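Some notes on the structure that comes next.
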Amino acid sequence: MKVSQFMLFGIFFIGISAVEAQEKTSLTLNEAINLAWTKSNEVTLANTKVKTKKYELQSTKNNQYPDLKLSGQYQRLANASVNFKLNQNNNAQPLPLVNQLMIGQLNASVPVFSGFKIRNSITVYENLYQAEMATASQTKEEIALRVIDYYASLYKAQKTIELLKENQKSAQQRVKDFIELEKNGIIPRNDLLKSKLQTSKIQLSLDETNNNLKIINFYLVTLLKLNPSTKLEIREEDFADFQMTNVPTNDLPALEYRKDLEAIRFQGKASEANIKIAKGSYYPAIALVGGYTALDLSNVITVQNAMNIGVGISYDLSAILKNGTLVKLAESKYLEVQNSESILTDYIKIQVKKAIEDYDLALKQSVVYVEAEEQSTENYRIVKDKYDNGLSDTNDLLEADVEQLSSKINKALARANTIQKYYELLSVTGQLSQTFTIAQK
């Protein structure tokens, strides 16, 4: 009896777990983007690259500080033979036993002038660091837009399924009614078959939309790093009464706010500094040098407090002949960046123009879909009245029903499509991130 109770409890617990696994999770668009910005692999990689550039900048700045090296040696000598050439005479004492050598050195070098290479190297990495931060911001913009696309597509699929199920109920009821009418000889069997065919088509549309819903849901939960079994549900209020403000009307905001354009501009500044670094090889390198040495050769000599200070200079004479190629190489890379900036600028202008037109089209379509839904509803009512009075046939009725369903779906999805196009317009003008309040960690 106790075993049976435990089994019943286990089955009950499994059942509860299964129900919980099927429960749907609601996320606002802001929450979804917040998750993506904090958990997605792309953003994590972008942030890691920013840290890498920061460390490279710090490492480059360290080159302007003095180099300080401490070294020491202890050597054991095996019966070393010492022969003093100075002050030798016949009455000299026996030479001492020399069996060990100890040396300690402390050397310092302070760069004074290096053809401006250190300063320009710092400039290079400062700009590369800024470019990487801009690239990371652009990555976040792209991830946010991807979330919006999945989010809107998920809503569209859910809304389509909802409308299809409503229409399916009426279609199934029509089939039941037609079965009775066909039995009584009021309608031909062909009309019954047409109504059944329409019901089958609705079921096929439902199956296809459900399949799309599952795929989009998986894409989104994977991007957000949620449990793969999570079922997301987009609430109606997330798309109702949405206010689209400050809609861009030209490409000026894009040229100012686009982070990928900002990144390539910083890369251009870094390329300019690289040209100066290449030209710096024409100059000598000057440094202040100093050091301290202590030496002890057992039983022979001890040196203490041997300090030195001076100036060191080095000049690569071969640079006069070889460095011209390096300068041309740096200048060519700078031109590459300049050309890339021009290409990107033109591409951004095209993107903005397309996004503006797509948004305007979505607004116009939304108005038309509202009118079409009203017209198709009224048309179905009229056709249904005619059918009930024997003034129209089954084909007219089913066609009016399909048009009504199509118009309802178009109207329901038009709002989401307009919002989606609005966000795409903000994205191509570099203003998408400013629209959301992202939790700071």
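Every chain in the structure tokens has a letter given in the order shown (A, B, ...), and although residue numbers restart at 1 in each chain, ligands are simply numbered from 1 in the order shown.
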
Open item on the list: Based on the backbone DSSP call, show me all residues of stretch 252-317 of chain A assigned alpha helix (DSSP H), as a list in words.
Closed with: Leu252, Pro253, Ala254, Leu255, Glu256, Tyr257, Lys259, Asp260, Leu261, Glu262, Ala263, Ile264, Arg265, Phe266, Gln267, Gly268, Lys269, Ala270, Ser271, Glu272, Ala273, Asn274, Ile275, Lys276, Ile277, Ala278 and Lys279 of chain A

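Shortest atom-to-atom contact with A:Glu42 among A:Lys225, A:Ser195, A:Ser153, A:Leu70: A:Lys225, counting only C-alpha atoms.
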
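Within stretch 109-147 of chain A, residues classed as strand (DSSP E) by DSSP on backbone coordinates are A:Ser109, A:Val110, A:Pro111, A:Val112, A:Phe113.
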
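In this model, the gap between atom CA of A:Asn212 and atom CA of A:Ser229 comes to 15.7 Å.
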
What are the closest atom pairs, with distances in Å to one decimal, for each residue of stretch 258-285 of chain A lying within 9 Å of stretch 107-118 of chain A, using only C-alpha atoms, rows by chain and rising residue number, as a Markdown table?
| residue | atom | partner | partner_atom | distance |
| --- | --- | --- | --- | --- |
| A:Asn274 | CA | A:Lys117 | CA | 9.0 |
| A:Lys276 | CA | A:Lys117 | CA | 7.5 |
| A:Ile277 | CA | A:Lys117 | CA | 5.0 |
| A:Ala278 | CA | A:Lys117 | CA | 8.1 |
| A:Lys279 | CA | A:Gly115 | CA | 7.9 |
| A:Gly280 | CA | A:Gly115 | CA | 4.3 |
| A:Ser281 | CA | A:Gly115 | CA | 6.5 |
| A:Tyr282 | CA | A:Gly115 | CA | 7.3 |
| A:Tyr283 | CA | A:Gly115 | CA | 5.1 |
| A:Pro284 | CA | A:Ser114 | CA | 6.5 |
| A:Ala285 | CA | A:Ser114 | CA | 4.3 |

TODO: Could you check how far atom CA of A:Val402 sits from atom CA of A:Leu204, in Å to one decimal?
DONE: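 Computed distance, atom CA of A:Val402 to atom CA of A:Leu204, equals 14.1 Å.
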
Open item on the list: List the spatial neighbours of A:Thr139 as a list in words - criterion: any atom at most 8 Å away, only C-alpha atoms, same-chain residues fewer than 3 positions off excluded.
Closed with: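 Listing them by chain and then by number gives Glu42, Val43, Ala46, Thr135, Ala136, Glu142 and Ile143 of chain A.
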